[in-house]
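Comments concern the structure below.
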Amino acid sequence: MTNSHTSAIRASGLKKTFKGVTVLDGVDLAVEEGTMLALLGPNGAGKTTTVRILSTLLPFDGGEATIAGYDVRREPDDVRGVMGITGQYASVDEILTGRENLVMIGRLYRQGKAAARRRADELLAQFDLVDAADRAVRTYSGGMRRRLDLAASLIADPPIIFLDEPTTGLDPRSRQAMWEVIRGLLDSGTTILLTTQYLEEADQLADRVAVIDDGRIIAEGTAAELKQRVGTERLELLFSSADDVHAAMRVVGDNAIQVGDDGLGISMTVDSAEDVRHTLNALAGVPVPVVDVGLSRPSLDDVFFTLTGSPVEIQNDDTKPSDTSMGADAP
């Protein structure tokens with residue numbers, strides 16, 4: 001079966017319930033060939049569930065989904081033949097060496113011994129793992145394991161990759177290294193569906209961003225388009241005490257959110273210099289002393305909060321219910 005459309009990944013009305021709890025409630029997605037869509041949402045929104053369904057790891061209750069034109073429900077073997085997946089945690093064998101892991105997976109893909117070794121060598125070089133190729137994976141750092149895991153998903157050179165939080169738990173340097181690898185995949189024409197807890201990651205890498213909340217897609221567009229929805233700029237105000245913050249919040253109203261590790265800042269959208277002047281004059285009239293003032297353009301963090309009503313979560317469990325508990329349902 002061939003795909004006559006440009007959407008390499010497509011889902012329409014995707015539904016999933018588990019023990020009476022609705023996990024996905026009509027998800028629509030489309031990822032064009034050679035592009036990346038980042039799927040963002042709070043914990044329990046359904047990100048990992050969506051990826052597991054599209055990659056044939058989890059059955060679904062309603063809707064339709066195709067990968068490279070193959071029907072996920074009716075043609076799962078064909079779907080698996082054109083996609084790779086990297087999850088939140090490295091799934092390689094810690095006892096084997098990096099090279100042995102890749103060769104083993106190549107053989108599972110029915111590659112000949114020589115072809116499997118050749119492909120393993122290519123990937124070890126591509127992911128900067130040549131020096132560690134013959135070391136047991138248990139000696140690898142977290143970043144090295146994650147790179148090896150992504151390399152393993154590319155053994156068969158699939159045109160479509162699902163990346164489910166591929167940089168979770170990595171230090172900033174390792175995360176940057178993974179970004180470069182992912183950019184290389186995009187440059188080579190690979191189609192990618194990414195879920196991530198790092199909004200900067202989506203901002204830096206994705207062609208389009210979809211925000212999922214409570215099992216539904218509530219917004220989609222480029223990062224710039226989504227940022228535009230929450231205003232052209234944000235006014236950041238810093239205060240010296242919690243009392244001043246509370247007083248300021250009463251003055252500026254529902255437009256503001258409290259920010260900062262110490263809770264002494266507030267942030268709000270503004271559309272003009274007149275908005276800034278009006279806000280500062282209103283605070284001066286109370287009076288509420290302002291320690292510092294700053295202006296910034298909206299970030300995806302602002303989009304996330306505006307659309308979902310909750311701040312960015314530090315972790316991603318998709319635990320409504322947990323995907324671990326749904327594993328028994330996977331085919």
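We label chains A, B, ... in the order they appear in the structure tokens, count residues from 1 in each chain, and number ligands from 1 in the order shown.
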
Item checked: strand (DSSP E) positions in range 67-246 of chain A, given as number ranges by chain -> A: 67, 70-71, 83-86, 160-164, 191-195, 208-213, 216-221, 233-238

Note to self: At a cut-off of 9 Å, using only C-alpha atoms, what residues contact range 281-292 of chain A? Leave out same-chain residues fewer than 6 positions from it and give the result as a ChimeraX atom specification.
What the structure shows: /A:236-240,244-245,247-248,251-252

Item checked: Residue neighbourhood range 171-180 of chain A, 8 Å, only C-alpha atoms, exclusion window fewer than 3 positions, as a ChimeraX atom specification -> /A:143,147,167,183-184,201,205

Atoms to include: N, CA and C atoms. Write the selected residues as a compact mmCIF listing (two decimals), in the first residue's frame.
# COMPACT_ATOMS: atom_id res chain seq x y z
N GLY A 143 23.59 9.99 28.83
CA GLY A 143 23.54 10.52 27.49
C GLY A 143 23.98 9.51 26.44
N ARG A 147 21.72 7.95 23.37
CA ARG A 147 22.16 7.98 21.97
C ARG A 147 22.17 6.58 21.38
N THR A 167 15.14 13.17 25.69
CA THR A 167 16.21 13.79 26.48
C THR A 167 15.88 13.91 27.96
N ARG A 183 18.39 17.03 14.75
CA ARG A 183 18.43 17.95 13.61
C ARG A 183 18.99 17.24 12.37
N GLY A 184 19.99 16.40 12.59
CA GLY A 184 20.55 15.64 11.48
C GLY A 184 19.53 14.72 10.84
N GLU A 201 12.91 22.67 23.84
CA GLU A 201 13.21 21.63 22.86
C GLU A 201 12.25 21.72 21.68
N LEU A 205 13.37 22.74 17.84
CA LEU A 205 13.44 21.66 16.86
C LEU A 205 12.22 21.51 15.96

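In this structure, CA of Tyr140 in chain A sits 9.6 Å away from CA of Thr97 in chain A.
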
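Counting only C-alpha atoms, range 150-158 of chain A has the following residues at most 6 Å away, ignoring those fewer than 2 positions along the same chain: Val82, Met83, Gly84, Ile85, Thr86, Leu102, Leu123, Arg147, Leu148 and Ile160 of chain A.
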
Output file for the selection above: N, CA and C atoms, as a PDB file, in the first residue's frame:
ATOM      1  N   VAL A  82       8.107   0.628   8.834  1.00  0.00           N
ATOM      2  CA  VAL A  82       8.491   1.951   8.339  1.00  0.00           C
ATOM      3  C   VAL A  82       8.758   2.942   9.471  1.00  0.00           C
ATOM      4  N   MET A  83       8.787   2.469  10.722  1.00  0.00           N
ATOM      5  CA  MET A  83       8.958   3.387  11.841  1.00  0.00           C
ATOM      6  C   MET A  83       9.940   2.843  12.866  1.00  0.00           C
ATOM      7  N   GLY A  84      10.501   3.768  13.629  1.00  0.00           N
ATOM      8  CA  GLY A  84      11.313   3.425  14.788  1.00  0.00           C
ATOM      9  C   GLY A  84      10.789   4.214  15.971  1.00  0.00           C
ATOM     10  N   ILE A  85      11.097   3.753  17.183  1.00  0.00           N
ATOM     11  CA  ILE A  85      10.610   4.441  18.368  1.00  0.00           C
ATOM     12  C   ILE A  85      11.677   4.448  19.454  1.00  0.00           C
ATOM     13  N   THR A  86      11.826   5.593  20.087  1.00  0.00           N
ATOM     14  CA  THR A  86      12.710   5.737  21.245  1.00  0.00           C
ATOM     15  C   THR A  86      11.881   6.283  22.389  1.00  0.00           C
ATOM     16  N   LEU A 102      23.591  -3.239  18.835  1.00  0.00           N
ATOM     17  CA  LEU A 102      23.153  -2.833  17.506  1.00  0.00           C
ATOM     18  C   LEU A 102      23.168  -4.002  16.522  1.00  0.00           C
ATOM     19  N   LEU A 123      26.200   3.569  12.577  1.00  0.00           N
ATOM     20  CA  LEU A 123      25.464   4.262  13.629  1.00  0.00           C
ATOM     21  C   LEU A 123      26.363   4.636  14.803  1.00  0.00           C
ATOM     22  N   ARG A 147      21.724   7.950  23.366  1.00  0.00           N
ATOM     23  CA  ARG A 147      22.161   7.982  21.971  1.00  0.00           C
ATOM     24  C   ARG A 147      22.174   6.579  21.375  1.00  0.00           C
ATOM     25  N   LEU A 148      22.603   5.612  22.165  1.00  0.00           N
ATOM     26  CA  LEU A 148      22.603   4.228  21.679  1.00  0.00           C
ATOM     27  C   LEU A 148      21.177   3.744  21.432  1.00  0.00           C
ATOM     28  N   ILE A 160      10.231   7.170   9.439  1.00  0.00           N
ATOM     29  CA  ILE A 160       9.417   7.814  10.468  1.00  0.00           C
ATOM     30  C   ILE A 160       9.926   7.401  11.841  1.00  0.00           C
TER      31      ILE A 160
END

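For the set A:Asp128, A:Glu32, A:Phe304, A:Pro76, the residue with the smallest atom-to-atom gap to Ile218 in chain A is A:Phe304, counting only C-alpha atoms.
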
Next item on the list: Go through A:Gln204, A:Gln126, A:Thr17, A:Ser267 and flag the residue nearest Gly46 in chain A, using only C-alpha atoms for the distances.
Entry: A:Thr17
